[in-house]
$ cat work.txt   # compact mmCIF, C-alpha atoms and all ligand atoms
# COMPACT_ATOMS: atom_id res chain seq x y z
CA MET K 1 -20.65 37.12 53.56
CA SER K 2 -18.51 39.19 55.77
CA VAL K 3 -18.81 38.58 59.47
CA PHE K 4 -17.74 41.22 61.96
CA TYR K 5 -15.87 40.12 65.11
CA PRO K 6 -13.82 41.99 67.69
CA LYS K 7 -10.14 41.93 66.72
CA ALA K 8 -8.46 38.54 66.90
CA SER K 9 -5.65 38.21 69.44
CA LYS K 10 -3.63 36.20 66.93
CA THR K 11 -3.92 35.23 63.29
CA ILE K 12 -2.88 31.93 61.74
CA VAL K 13 -1.10 32.47 58.43
CA GLY K 14 0.39 30.27 55.71
CA HIS K 15 -1.24 27.63 53.55
CA LYS K 16 -0.27 24.59 55.64
CA ALA K 17 -0.88 26.15 59.06
CA VAL K 18 -4.28 27.57 58.10
CA ARG K 19 -5.43 24.24 56.65
CA GLU K 20 -4.29 22.39 59.77
CA ALA K 21 -6.02 24.86 62.08
CA LEU K 22 -9.27 24.74 60.09
CA ARG K 23 -9.34 20.97 60.48
CA ASP K 24 -8.67 21.19 64.21
CA THR K 25 -12.14 22.21 65.36
CA GLN K 26 -11.38 21.11 68.95
CA THR K 27 -8.75 23.82 69.35
CA TYR K 28 -10.24 26.39 66.97
CA SER K 29 -13.96 26.32 67.48
CA SER K 30 -16.75 27.89 65.39
CA ASP K 31 -18.97 27.96 68.49
CA LEU K 32 -19.08 31.75 68.40
CA GLN K 33 -21.45 34.50 67.38
CA GLY K 34 -20.25 37.16 65.00
CA ASP K 35 -21.92 40.47 64.05
CA SER K 36 -23.07 40.90 67.65
CA ASP K 37 -23.82 44.56 66.85
CA VAL K 38 -26.61 43.53 64.46
CA ARG K 39 -27.80 40.04 65.42
CA ASP K 40 -28.26 37.86 68.50
CA TYR K 41 -28.51 34.42 66.89
CA ARG K 42 -26.04 32.07 65.23
CA GLN K 43 -25.56 31.95 61.49
CA LEU K 44 -25.95 28.27 60.59
CA PRO K 45 -24.16 26.05 59.78
CA LEU K 46 -21.34 28.60 60.06
CA GLU K 47 -21.29 29.15 63.82
CA VAL K 48 -21.61 25.67 65.23
CA ASP K 49 -19.05 22.88 65.65
CA PRO K 50 -19.18 19.24 64.62
CA PRO K 51 -20.94 16.95 65.34
CA ARG K 52 -24.06 19.20 65.32
CA HIS K 53 -22.61 21.15 62.41
CA HIS K 54 -22.76 18.00 60.30
CA LEU K 55 -26.53 17.70 60.81
CA TYR K 56 -27.15 21.16 59.33
CA ARG K 57 -24.76 20.45 56.45
CA VAL K 58 -26.53 17.21 55.58
CA ALA K 59 -29.94 18.92 55.73
CA LEU K 60 -28.85 21.80 53.47
CA ALA K 61 -26.55 19.95 51.06
CA PRO K 62 -29.31 18.97 48.54
CA TYR K 63 -29.88 22.65 47.70
CA PHE K 64 -26.22 23.25 46.93
CA VAL K 65 -24.92 20.12 45.18
CA LYS K 66 -23.43 20.47 41.72
CA PRO K 67 -26.06 18.51 39.71
CA THR K 68 -28.86 20.65 41.21
CA ILE K 69 -27.09 23.88 40.32
CA GLU K 70 -26.08 22.69 36.83
CA LEU K 71 -29.79 22.35 35.96
CA LEU K 72 -30.12 26.12 36.39
CA VAL K 73 -27.41 27.03 33.87
CA PRO K 74 -29.84 27.99 31.06
CA GLN K 75 -31.49 30.53 33.38
CA PHE K 76 -28.13 31.86 34.61
CA ARG K 77 -27.13 32.25 30.95
CA GLU K 78 -30.28 34.17 30.08
CA ASN K 79 -29.81 36.51 33.09
CA THR K 80 -26.15 37.05 32.21
CA GLU K 81 -26.73 37.72 28.50
CA ASN K 82 -29.53 40.20 29.23
CA LEU K 83 -27.55 42.09 31.84
CA ILE K 84 -24.33 42.20 29.80
CA THR K 85 -26.21 43.41 26.70
CA ASN K 86 -28.00 46.15 28.64
CA PHE K 87 -24.92 47.13 30.60
CA PHE K 88 -22.85 47.71 27.47
CA LYS K 89 -25.54 49.87 25.87
CA HIS K 90 -24.27 52.61 28.21
CA GLU K 91 -20.89 54.24 28.67
CA ASN K 92 -19.04 54.52 31.92
CA LEU K 93 -21.46 52.54 34.09
CA GLU K 94 -20.47 51.27 37.52
CA VAL K 95 -19.85 47.52 37.38
CA GLY K 96 -20.86 46.50 40.92
CA GLN K 97 -24.14 48.39 41.02
CA HIS K 98 -25.29 47.91 37.43
CA LEU K 99 -23.93 44.49 36.55
CA SER K 100 -22.54 42.29 39.35
CA LEU K 101 -25.12 42.93 42.08
CA PRO K 102 -28.24 42.60 39.86
CA LEU K 103 -26.80 39.49 38.22
CA VAL K 104 -25.93 37.78 41.51
CA MET K 105 -29.38 38.57 42.92
CA LYS K 106 -31.23 37.46 39.77
CA ASN K 107 -29.31 34.18 39.84
CA LEU K 108 -30.14 33.75 43.52
CA GLY K 109 -33.80 34.31 42.63
CA VAL K 110 -33.45 31.35 40.24
CA ILE K 111 -31.65 29.14 42.78
CA TYR K 112 -34.24 29.74 45.50
CA ASN K 113 -37.15 30.07 43.04
CA ARG K 114 -38.08 33.46 44.51
CA PRO K 115 -38.12 35.79 41.48
CA GLN K 116 -40.66 37.97 43.31
CA ASP K 117 -37.99 38.93 45.89
CA VAL K 118 -35.17 39.88 43.52
CA ASP K 119 -35.92 43.63 43.34
CA GLU K 120 -36.04 43.83 47.11
CA TRP K 121 -32.71 41.97 47.47
CA ILE K 122 -31.09 44.28 44.91
CA SER K 123 -32.36 47.32 46.84
CA TRP K 124 -30.33 46.20 49.89
CA GLY K 125 -27.02 46.75 48.05
CA PRO K 126 -24.04 44.38 48.29
CA ASP K 127 -24.03 44.14 52.10
CA VAL K 128 -27.24 43.19 53.92
CA TRP K 129 -26.09 44.98 57.08
CA THR K 130 -25.73 48.35 55.36
CA ALA K 131 -28.96 48.14 53.37
CA GLU K 132 -30.39 51.44 54.62
CA SER K 133 -27.36 53.59 55.33
CA GLU K 134 -23.61 53.41 55.93
CA GLU K 135 -24.40 52.32 59.50
CA ARG K 136 -24.54 48.58 60.14
CA ASP K 137 -28.09 47.62 60.96
CA GLY K 138 -30.04 44.35 61.03
CA LYS K 139 -33.51 45.83 60.55
CA VAL K 140 -33.89 45.36 56.82
CA LEU K 141 -32.74 41.75 56.74
CA HIS K 142 -34.69 40.82 59.86
CA ARG K 143 -37.91 42.38 58.57
CA TYR K 144 -37.56 40.21 55.47
CA LEU K 145 -36.63 37.07 57.43
CA ASP K 146 -39.63 37.52 59.75
CA ALA K 147 -41.97 38.01 56.79
CA ILE K 148 -40.79 34.89 54.94
CA TYR K 149 -40.89 32.82 58.14
CA GLU K 150 -44.46 33.91 58.82
CA GLU K 151 -45.40 33.21 55.20
CA ALA K 152 -43.73 29.78 55.32
CA LEU K 153 -45.63 28.76 58.43
CA THR K 154 -49.04 30.12 57.47
CA LYS K 155 -49.32 29.55 53.72
CA SER K 156 -48.89 26.05 52.41
CA LYS K 157 -46.29 26.62 49.74
CA ASP K 158 -43.47 24.39 48.66
CA ASP K 159 -40.81 27.01 48.10
CA ILE K 160 -37.34 27.24 49.56
CA TRP K 161 -38.31 29.12 52.72
CA SER K 162 -41.15 26.71 53.54
CA GLN K 163 -38.74 23.83 53.13
CA ILE K 164 -36.18 25.50 55.42
CA ALA K 165 -38.84 26.40 58.01
CA TYR K 166 -39.88 22.75 58.22
CA LEU K 167 -36.35 21.27 58.20
CA GLU K 168 -35.78 18.77 60.96
CA ILE K 169 -32.54 18.48 62.86
CA GLU K 170 -32.42 15.33 64.98
CA GLY K 171 -36.18 14.97 64.58
CA GLN K 172 -36.89 18.54 65.79
CA GLN K 173 -38.30 21.22 63.50
CA VAL K 174 -35.92 24.19 63.34
CA SER K 175 -36.74 27.06 65.70
CA ALA K 176 -37.42 30.64 64.59
CA ALA K 177 -33.84 31.56 65.57
CA GLU K 178 -32.42 28.64 63.60
CA PHE K 179 -34.52 29.67 60.60
CA ARG K 180 -33.09 33.19 60.82
CA GLY K 181 -29.57 31.77 61.07
CA ILE K 182 -29.94 29.45 58.08
CA ALA K 183 -31.93 31.76 55.77
CA GLY K 184 -29.72 34.72 56.74
CA VAL K 185 -26.55 32.98 55.63
CA MET K 186 -28.24 31.65 52.49
CA LEU K 187 -28.95 35.27 51.56
CA ALA K 188 -25.72 36.88 52.76
CA GLY K 189 -23.20 34.11 51.98
CA GLY K 190 -23.28 34.40 48.22
CA ARG K 191 -23.83 38.13 47.96
CA ASP K 192 -20.82 40.42 48.51
CA THR K 193 -18.48 37.51 47.77
CA VAL K 194 -19.81 36.74 44.27
CA VAL K 195 -20.33 40.46 43.55
CA LYS K 196 -16.66 40.97 44.35
CA LEU K 197 -15.65 38.06 42.15
CA PHE K 198 -17.58 39.37 39.11
CA THR K 199 -16.49 42.98 39.65
CA GLY K 200 -12.88 41.82 40.07
CA ILE K 201 -13.04 39.86 36.80
CA MET K 202 -14.37 42.90 34.90
CA TRP K 203 -11.78 45.14 36.56
CA HIS K 204 -8.92 42.80 35.64
CA PHE K 205 -9.93 42.46 31.99
CA GLY K 206 -10.46 46.23 31.85
CA HIS K 207 -6.78 46.66 32.64
CA LYS K 208 -5.37 43.60 30.89
CA VAL K 209 -7.24 42.91 27.69
CA GLU K 210 -4.54 40.35 26.69
CA ASP K 211 -5.92 38.02 29.37
CA LEU K 212 -9.41 38.31 27.88
CA GLU K 213 -8.03 37.63 24.38
CA SER K 214 -6.04 34.69 25.71
CA LEU K 215 -9.23 33.12 27.17
CA ARG K 216 -11.05 33.75 23.88
CA SER K 217 -8.37 31.79 22.02
CA ASN K 218 -8.08 29.11 24.74
CA PRO K 219 -11.52 28.47 26.23
CA GLU K 220 -10.13 25.38 27.96
CA LEU K 221 -8.57 27.90 30.35
CA ILE K 222 -11.97 29.08 31.62
CA ALA K 223 -12.01 26.58 34.52
CA PRO K 224 -8.45 27.39 35.69
CA ALA K 225 -9.15 31.12 35.20
CA ILE K 226 -12.09 30.92 37.62
CA GLN K 227 -9.90 29.25 40.25
CA GLU K 228 -7.21 31.87 39.69
CA PHE K 229 -9.64 34.77 40.05
CA LEU K 230 -10.97 33.15 43.22
CA ARG K 231 -7.42 32.82 44.55
CA PHE K 232 -6.25 36.30 43.65
CA LEU K 233 -9.40 38.16 44.68
CA SER K 234 -9.83 36.15 47.93
CA PRO K 235 -13.38 37.52 48.29
CA LEU K 236 -13.61 36.41 51.92
CA PRO K 237 -10.06 36.99 53.15
CA ALA K 238 -10.36 35.71 56.75
CA MET K 239 -12.74 34.39 59.38
CA ASN K 240 -12.42 33.96 63.12
CA ARG K 241 -12.45 30.96 65.41
CA THR K 242 -12.55 30.94 69.20
CA VAL K 243 -10.27 28.99 71.55
CA VAL K 244 -13.05 29.06 74.19
CA PRO K 245 -16.35 27.74 72.76
CA GLU K 246 -18.86 30.46 73.56
CA SER K 247 -21.62 28.12 74.74
CA SER K 248 -19.22 26.39 77.16
CA THR K 249 -19.00 29.16 79.78
CA THR K 250 -20.26 32.61 80.71
CA GLU K 251 -16.70 33.78 81.48
CA LEU K 252 -15.53 34.54 77.99
CA PRO K 253 -12.01 35.95 77.76
CA ASP K 254 -11.63 38.92 75.38
CA ASP K 255 -8.61 37.32 73.74
CA ARG K 256 -10.47 34.19 72.66
CA TYR K 257 -10.56 34.97 68.93
CA VAL K 258 -8.03 33.58 66.45
CA GLY K 259 -8.09 34.70 62.82
CA MET K 260 -7.85 32.20 59.97
CA SER K 261 -6.18 34.05 57.13
CA PHE K 262 -7.41 32.42 53.90
CA ILE K 263 -5.69 35.15 51.92
CA SER K 264 -2.30 34.27 53.44
CA GLY K 265 -2.67 30.73 52.07
CA ASN K 266 -3.59 32.11 48.66
CA PHE K 267 -0.39 34.16 48.43
CA ASP K 268 1.92 31.68 50.14
CA GLU K 269 5.15 31.61 48.13
CA THR K 270 5.87 28.03 49.15
CA VAL K 271 2.73 27.04 47.20
CA TYR K 272 2.53 29.69 44.44
CA THR K 273 5.25 31.09 42.21
CA ASN K 274 4.74 34.84 41.66
CA PRO K 275 1.54 34.84 43.72
CA PHE K 276 0.73 38.46 42.90
CA GLU K 277 0.45 37.63 39.17
CA ILE K 278 -2.89 36.46 37.78
CA ASP K 279 -1.84 33.39 35.80
CA PHE K 280 -4.37 31.08 34.15
CA ASN K 281 -1.70 28.41 33.56
CA ARG K 282 -0.87 27.54 37.14
CA GLY K 283 -2.02 23.95 36.97
CA ARG K 284 -2.75 22.86 40.53
CA ASN K 285 -4.40 25.68 42.47
CA PRO K 286 -5.33 24.59 46.00
CA HIS K 287 -6.54 28.05 47.07
CA LEU K 288 -8.29 28.65 50.36
CA SER K 289 -10.89 31.12 49.08
CA PHE K 290 -13.72 28.76 50.02
CA GLY K 291 -12.04 27.93 53.33
CA PHE K 292 -11.07 24.37 54.17
CA GLY K 293 -12.24 21.57 56.47
CA PRO K 294 -15.79 21.05 57.78
CA HIS K 295 -16.95 24.63 57.13
CA THR K 296 -15.76 24.72 53.49
CA CYS K 297 -18.14 26.99 51.60
CA LEU K 298 -21.46 25.31 50.93
CA GLY K 299 -22.09 27.61 47.96
CA ASN K 300 -18.83 26.86 46.13
CA HIS K 301 -20.57 25.16 43.18
CA ILE K 302 -22.99 28.06 42.88
CA ALA K 303 -20.10 30.55 42.71
CA GLU K 304 -18.08 28.44 40.26
CA ILE K 305 -20.99 27.64 37.93
CA GLU K 306 -22.25 31.25 37.89
CA ALA K 307 -18.70 32.42 37.18
CA ARG K 308 -18.31 29.90 34.34
CA VAL K 309 -21.49 31.18 32.69
CA PHE K 310 -20.36 34.77 33.26
CA LEU K 311 -17.02 34.14 31.52
CA GLU K 312 -18.61 32.18 28.67
CA VAL K 313 -21.04 35.02 27.95
CA ILE K 314 -18.32 37.66 28.10
CA LEU K 315 -16.08 35.67 25.75
CA LYS K 316 -18.86 35.02 23.26
CA SER K 317 -19.96 38.67 23.26
CA GLY K 318 -16.68 39.74 21.61
CA LEU K 319 -16.77 42.88 23.78
CA ASN K 320 -13.62 44.55 25.09
CA TRP K 321 -13.46 47.43 27.57
CA LYS K 322 -11.19 49.58 29.65
CA VAL K 323 -11.50 50.83 33.21
CA THR K 324 -12.22 54.57 33.10
CA THR K 325 -12.30 55.33 36.83
CA GLN K 326 -11.90 53.21 39.93
CA ASP K 327 -12.19 53.68 43.65
CA ILE K 328 -10.64 50.63 45.28
CA ARG K 329 -9.52 49.97 48.83
CA TYR K 330 -6.57 47.59 48.80
CA HIS K 331 -5.48 45.19 51.52
CA GLN K 332 -2.67 46.15 53.83
CA VAL K 333 0.92 44.98 53.35
CA PRO K 334 1.86 42.24 52.43
CA TYR K 335 -1.24 41.99 50.18
CA ALA K 336 -1.27 45.64 49.14
CA LYS K 337 -1.68 44.72 45.45
CA VAL K 338 -4.92 42.86 46.15
CA PRO K 339 -8.26 44.72 46.10
CA ASP K 340 -10.11 44.41 49.40
CA HIS K 341 -13.16 46.44 48.45
CA PHE K 342 -14.38 47.71 45.07
CA GLY K 343 -16.00 51.06 45.98
CA SER K 344 -16.63 51.75 42.31
CA VAL K 345 -15.26 50.51 38.98
CA ARG K 346 -16.47 52.27 35.82
CA ILE K 347 -15.73 50.91 32.39
CA SER K 348 -16.24 51.85 28.74
CA ARG K 349 -16.13 49.76 25.58
CA THR K 350 -13.02 49.87 23.44
C1 LIG J 1 -16.95 33.68 45.52
C2 LIG J 1 -17.93 33.30 46.31
C3 LIG J 1 -17.80 32.78 47.71
C4 LIG J 1 -16.72 32.78 48.56
C5 LIG J 1 -15.33 33.33 48.30
C6 LIG J 1 -17.15 32.15 49.78
C7 LIG J 1 -16.32 31.92 50.88
C8 LIG J 1 -16.67 31.16 51.98
C9 LIG J 1 -15.77 30.75 53.02
C10 LIG J 1 -14.29 31.11 53.10
C11 LIG J 1 -16.47 30.00 53.92
C12 LIG J 1 -15.90 29.32 55.18
C13 LIG J 1 -16.05 30.18 56.38
C14 LIG J 1 -15.37 29.61 57.62
O1 LIG J 1 -14.63 28.62 57.54
O2 LIG J 1 -15.56 30.21 58.69
C15 LIG J 1 -17.83 29.95 53.44
C16 LIG J 1 -18.86 29.29 54.08
C17 LIG J 1 -20.17 29.30 53.63
N1 LIG J 1 -20.64 29.84 52.46
FE1 LIG J 1 -19.55 30.73 51.02
N2 LIG J 1 -18.47 31.80 49.67
C18 LIG J 1 -18.90 32.15 48.40
C19 LIG J 1 -20.17 31.94 47.88
C20 LIG J 1 -21.22 31.40 48.55
C21 LIG J 1 -22.55 31.22 48.01
C22 LIG J 1 -22.95 31.56 46.57
C23 LIG J 1 -23.33 30.72 49.01
C24 LIG J 1 -24.77 30.37 49.00
C25 LIG J 1 -25.68 30.97 48.28
C26 LIG J 1 -22.46 30.53 50.17
C27 LIG J 1 -22.86 30.00 51.37
C28 LIG J 1 -22.00 29.62 52.38
C29 LIG J 1 -22.43 28.91 53.59
C30 LIG J 1 -23.85 28.47 53.90
C31 LIG J 1 -21.28 28.72 54.36
C32 LIG J 1 -21.20 28.04 55.73
C33 LIG J 1 -20.69 26.62 55.56
C34 LIG J 1 -20.47 25.90 56.89
O3 LIG J 1 -20.26 26.55 57.91
O4 LIG J 1 -20.50 24.66 56.90
N3 LIG J 1 -21.19 30.96 49.85
N4 LIG J 1 -17.93 30.66 52.26
$ encode --input "work.txt" --output "C-alpha cells"
Amino acid sequence: MSVFYPKASKTIVGHKAVREALRDTQTYSSDLQGDSDVRDYRQLPLEVDPPRHHLYRVALAPYFVKPTIELLVPQFRENTENLITNFFKHENLEVGQHLSLPLVMKNLGVIYNRPQDVDEWISWGPDVWTAESEERDGKVLHRYLDAIYEEALTKSKDDIWSQIAYLEIEGQQVSAAEFRGIAGVMLAGGRDTVVKLFTGIMWHFGHKVEDLESLRSNPELIAPAIQEFLRFLSPLPAMNRTVVPESSTTELPDDRYVGMSFISGNFDETVYTNPFEIDFNRGRNPHLSFGFGPHTCLGNHIAEIEARVFLEVILKSGLNWKVTTQDIRYHQVPYAKVPDHFGSVRISRT
C-alpha cells in the first residue's frame, strides 16, 4: 500500500515522537482521503478515526488473526517451494516480477480463497494504480471491485467478497463505497509492501551470503531476521495525518497534512545501535514498519508468517546466489543507504 497525498507541511520524526503522534488521533486525524487523483472514497479502516474506526477493525479482525493465517502455512509453503524451484531453473531472472509478485499474489489467493483471480492480480503489477501504464489510474482496480461487488450481491456464494459485501457496521450493511474502500485496501495493503520485503531479502542475501549462511546455521534467528528486514526495508516509510479532519468542514487548509515518518523511528540512533547495519542479533526490535497505535497494520501476521515460510524454504533449498544487476532508487539523506524502490534486481546462482 502506498497512498498518495499532497506534500505534508511538516513531518514528525523520531521513534518516541512518531509513536506519541500516532496515538494522538485527536490532534493527528486519519479522517482524510488519499489518492484523490484516482479514487473518491475512503480506504477503510485506514481513513477513518476512532471510535468508528474500531467498528471496522472488529469486523475485519477475524480474517487477519494469527491462528487463521497459521492454518494456511502448508499452502504458503507449497506456493513458495514451487516458485523458488522454478525461479532458480533460470539464470538472471528479475526477482520482483518472477518471484516476489507472483508469490505474494498466490498467497493472497489462498488467504481470500480466490485462486481464480490470481492471474488477474499478477497482471496488475506491484502497484494497483499503475496496472495499465506508468500513469496512475483507478480503472483496473475499480473494474475488478465493481465486478466482485456485483457477483457478491447477485450470486449466493460464501467467499471473502460476499462476506465483506454483507458486513454490518452498527447494524447497517456496508455501502458500495464502503465495500470499495475495504476490498481495495485488502488488495492493495499487502501487495507492494510484501513484494518489497521479499525482493529486499533476496537482494540482501545476494550481496551478503554470510548472512544467509548464518541463518542456515542458526535457524532460531529466523524470527529476529524477519523483524530486522522489516525494520531496515521500511516497506511503507511514511503516511499522512491531517490536523483538520476532512469531514469536519468544507474549508480545508492546504497545510493540513502532517507526515508520520515510520522510517525515522526505524533508524533512530537513540533506539538502534548502527541502524544502517542489518543485524539479526539486535534483541528487542520495536520497529515502526507496521505503524503504531489504532491503525497498526491489520495484515502484520500475514506478512510475518509469509516471510517466515519464505525464509524457511530458502534456507532448506541450500541455494546461494549473487545479484548480477540492480536498478534501485534509494531514499534521500539521511536514509540514503536504504532502498526506496526496487526497479529491478536480477540474480544468478553461485
Ligand atoms: C511488509 C508488509 C506490510 C507493511 C510494511 C505494512 C505497513 C502498514 C502500515 C505502516 C500501516 C499503518 C498505516 C497508518 O498508520 O496510516 C498499515 C495499515 C494497514 N495494512 Fe499493512 N503492511 C503490510 C502488509 C499488509 C498486508 C499483507 C495486509 C493485508 C492483506 C495489510 C493490510 C493493512 C490494512 C487493512 C491496514 C489499515 C489498518 C487500519 O487503518 O486500522 N498490510 N500497514
$ closest_residue --input "work.txt" --among "K:Asp255, K:Glu47, K:Asp327, K:Glu228" --to "Arg346 of chain K" --atoms "all atoms listed in the file"
K:Asp327
$ closest_atom_pairs --input "work.txt" --of "chain K" --to "ligand LIG 1 (chain J)" --cutoff "7 Å" --atoms "all atoms listed in the file" --output "CSV"
residue,atom,partner,partner_atom,distance
K:Met1,CA,J:LIG1,N2,6.9
K:Leu44,CA,J:LIG1,O3,6.5
K:Pro45,CA,J:LIG1,O3,4.4
K:Leu46,CA,J:LIG1,O3,3.2
K:Glu47,CA,J:LIG1,O3,6.5
K:His53,CA,J:LIG1,O4,6.9
K:Arg57,CA,J:LIG1,O4,6.0
K:Val185,CA,J:LIG1,C30,5.5
K:Met186,CA,J:LIG1,C25,5.0
K:Leu187,CA,J:LIG1,C25,6.3
K:Gly189,CA,J:LIG1,C26,4.1
K:Gly190,CA,J:LIG1,C21,3.3
K:Arg191,CA,J:LIG1,C22,6.8
K:Thr193,CA,J:LIG1,C2,4.5
K:Val194,CA,J:LIG1,C1,4.4
K:Leu197,CA,J:LIG1,C1,5.7
K:Leu230,CA,J:LIG1,C1,6.4
K:Ser234,CA,J:LIG1,C5,6.2
K:Pro235,CA,J:LIG1,C5,4.6
K:Leu236,CA,J:LIG1,C5,5.1
K:Met239,CA,J:LIG1,O2,5.1
K:Asn240,CA,J:LIG1,O2,6.6
K:Ser289,CA,J:LIG1,C5,5.0
K:Phe290,CA,J:LIG1,C10,3.9
K:Gly291,CA,J:LIG1,C10,3.9
K:Phe292,CA,J:LIG1,O1,6.5
K:Pro294,CA,J:LIG1,O4,6.0
K:His295,CA,J:LIG1,O4,3.6
K:Thr296,CA,J:LIG1,C12,4.9
K:Cys297,CA,J:LIG1,C16,3.5
K:Leu298,CA,J:LIG1,C28,4.6
K:Gly299,CA,J:LIG1,C23,3.5
K:Asn300,CA,J:LIG1,C19,5.5
K:Ile302,CA,J:LIG1,C22,5.1
K:Ala303,CA,J:LIG1,C22,4.9
$ atom_distance --input "work.txt" --atom1 "atom CA of Asp137 of chain K" --atom2 "atom CA of Leu93 of chain K"
28.1 Å
$ residues_around --input "work.txt" --residues "segment 19-30 of chain K" --least-positions-apart "6" --cutoff "9 Å" --atoms "all atoms listed in the file" --output "PyMOL selection string"
chain K and resi 12+46-50+240-246+257-258+260+262+265+288+291-295
$ closest_residue --input "work.txt" --among "K:Ala61, K:Gly138, K:Val95, K:Trp121" --to "Asp35 of chain K" --atoms "all atoms listed in the file"
K:Gly138
$ closest_residue --input "work.txt" --among "K:Phe179, K:Val313, K:Thr249, K:Trp124" --to "Asn82 of chain K" --atoms "only C-alpha atoms"
K:Val313
$ residues_around --input "work.txt" --residues "Tyr330 of chain K" --least-positions-apart "3" --cutoff "6 Å" --atoms "all atoms listed in the file" --output "PyMOL selection string"
chain K and resi 336+338-340
$ residues_around --input "work.txt" --residues "segment 278-285 of chain K" --least-positions-apart "5" --cutoff "7 Å" --atoms "only C-alpha atoms" --output "PDB file with C-alpha atoms, in the frame of the given file"
ATOM      1  CA  LEU K 221      -8.570  27.900  30.350  1.00  0.00           C
ATOM      2  CA  PRO K 224      -8.450  27.390  35.690  1.00  0.00           C
ATOM      3  CA  ALA K 225      -9.150  31.120  35.200  1.00  0.00           C
ATOM      4  CA  GLN K 227      -9.900  29.250  40.250  1.00  0.00           C
ATOM      5  CA  GLU K 228      -7.210  31.870  39.690  1.00  0.00           C
ATOM      6  CA  PHE K 232      -6.250  36.300  43.650  1.00  0.00           C
TER       7      PHE K 232
END
$ residues_near_point --input "work.txt" --point "(-12.6, 48.9, 23.8)" --cutoff "8 Å" --atoms "only C-alpha atoms" --output "list in words"
Leu319, Asn320, Trp321, Lys322, Ser348, Arg349 and Thr350 of chain K
$ residues_near_point --input "work.txt" --point "(0.8, 26.9, 46.4)" --cutoff "12 Å" --atoms "all atoms listed in the file" --output "number ranges by chain"
K: 14-16, 228, 231, 263-275, 282-288
$ atom_distance --input "work.txt" --atom1 "atom CA of Ser2 of chain K" --atom2 "atom CA of Leu108 of chain K"
17.7 Å
$ closest_residue --input "work.txt" --among "K:Pro237, K:Gly259, K:Pro126, K:Pro74" --to "Tyr335 of chain K" --atoms "all atoms listed in the file"
K:Pro237
$ decode --input "work.txt" --residues "segment 43-54 of chain K" --atoms "N, CA and C atoms" --output "short mmCIF file (atom, residue, chain, number, x, y, z; two decimals), in the first residue's frame"
data_model
loop_
_atom_site.label_atom_id
_atom_site.label_comp_id
_atom_site.auth_asym_id
_atom_site.auth_seq_id
_atom_site.Cartn_x
_atom_site.Cartn_y
_atom_site.Cartn_z
N GLN K 43 -10.38 4.68 1.91
CA GLN K 43 -9.90 3.33 2.17
C GLN K 43 -10.18 3.03 3.64
N LEU K 44 -10.78 1.86 3.89
CA LEU K 44 -11.21 1.53 5.26
C LEU K 44 -10.56 0.24 5.73
N PRO K 45 -10.13 0.21 6.99
CA PRO K 45 -10.34 1.17 8.08
C PRO K 45 -9.26 2.28 8.14
N LEU K 46 -8.49 2.42 7.07
CA LEU K 46 -7.33 3.30 7.11
C LEU K 46 -7.69 4.78 7.32
N GLU K 47 -8.76 5.22 6.65
CA GLU K 47 -9.01 6.67 6.58
C GLU K 47 -10.24 7.08 7.40
N VAL K 48 -10.32 6.56 8.59
CA VAL K 48 -11.40 6.94 9.50
C VAL K 48 -10.83 6.90 10.92
N ASP K 49 -11.32 7.78 11.77
CA ASP K 49 -10.81 7.85 13.15
C ASP K 49 -11.63 6.98 14.09
N PRO K 50 -11.04 6.65 15.25
CA PRO K 50 -11.85 6.08 16.33
C PRO K 50 -12.91 7.12 16.72
N PRO K 51 -14.10 6.74 17.21
CA PRO K 51 -14.48 5.36 17.53
C PRO K 51 -14.97 4.54 16.33
N ARG K 52 -15.36 5.20 15.21
CA ARG K 52 -15.90 4.40 14.09
C ARG K 52 -14.84 3.43 13.54
N HIS K 53 -13.61 3.88 13.55
CA HIS K 53 -12.52 3.03 13.08
C HIS K 53 -12.54 1.65 13.74
N HIS K 54 -12.82 1.67 15.05
CA HIS K 54 -12.81 0.44 15.84
C HIS K 54 -13.85 -0.57 15.31
#
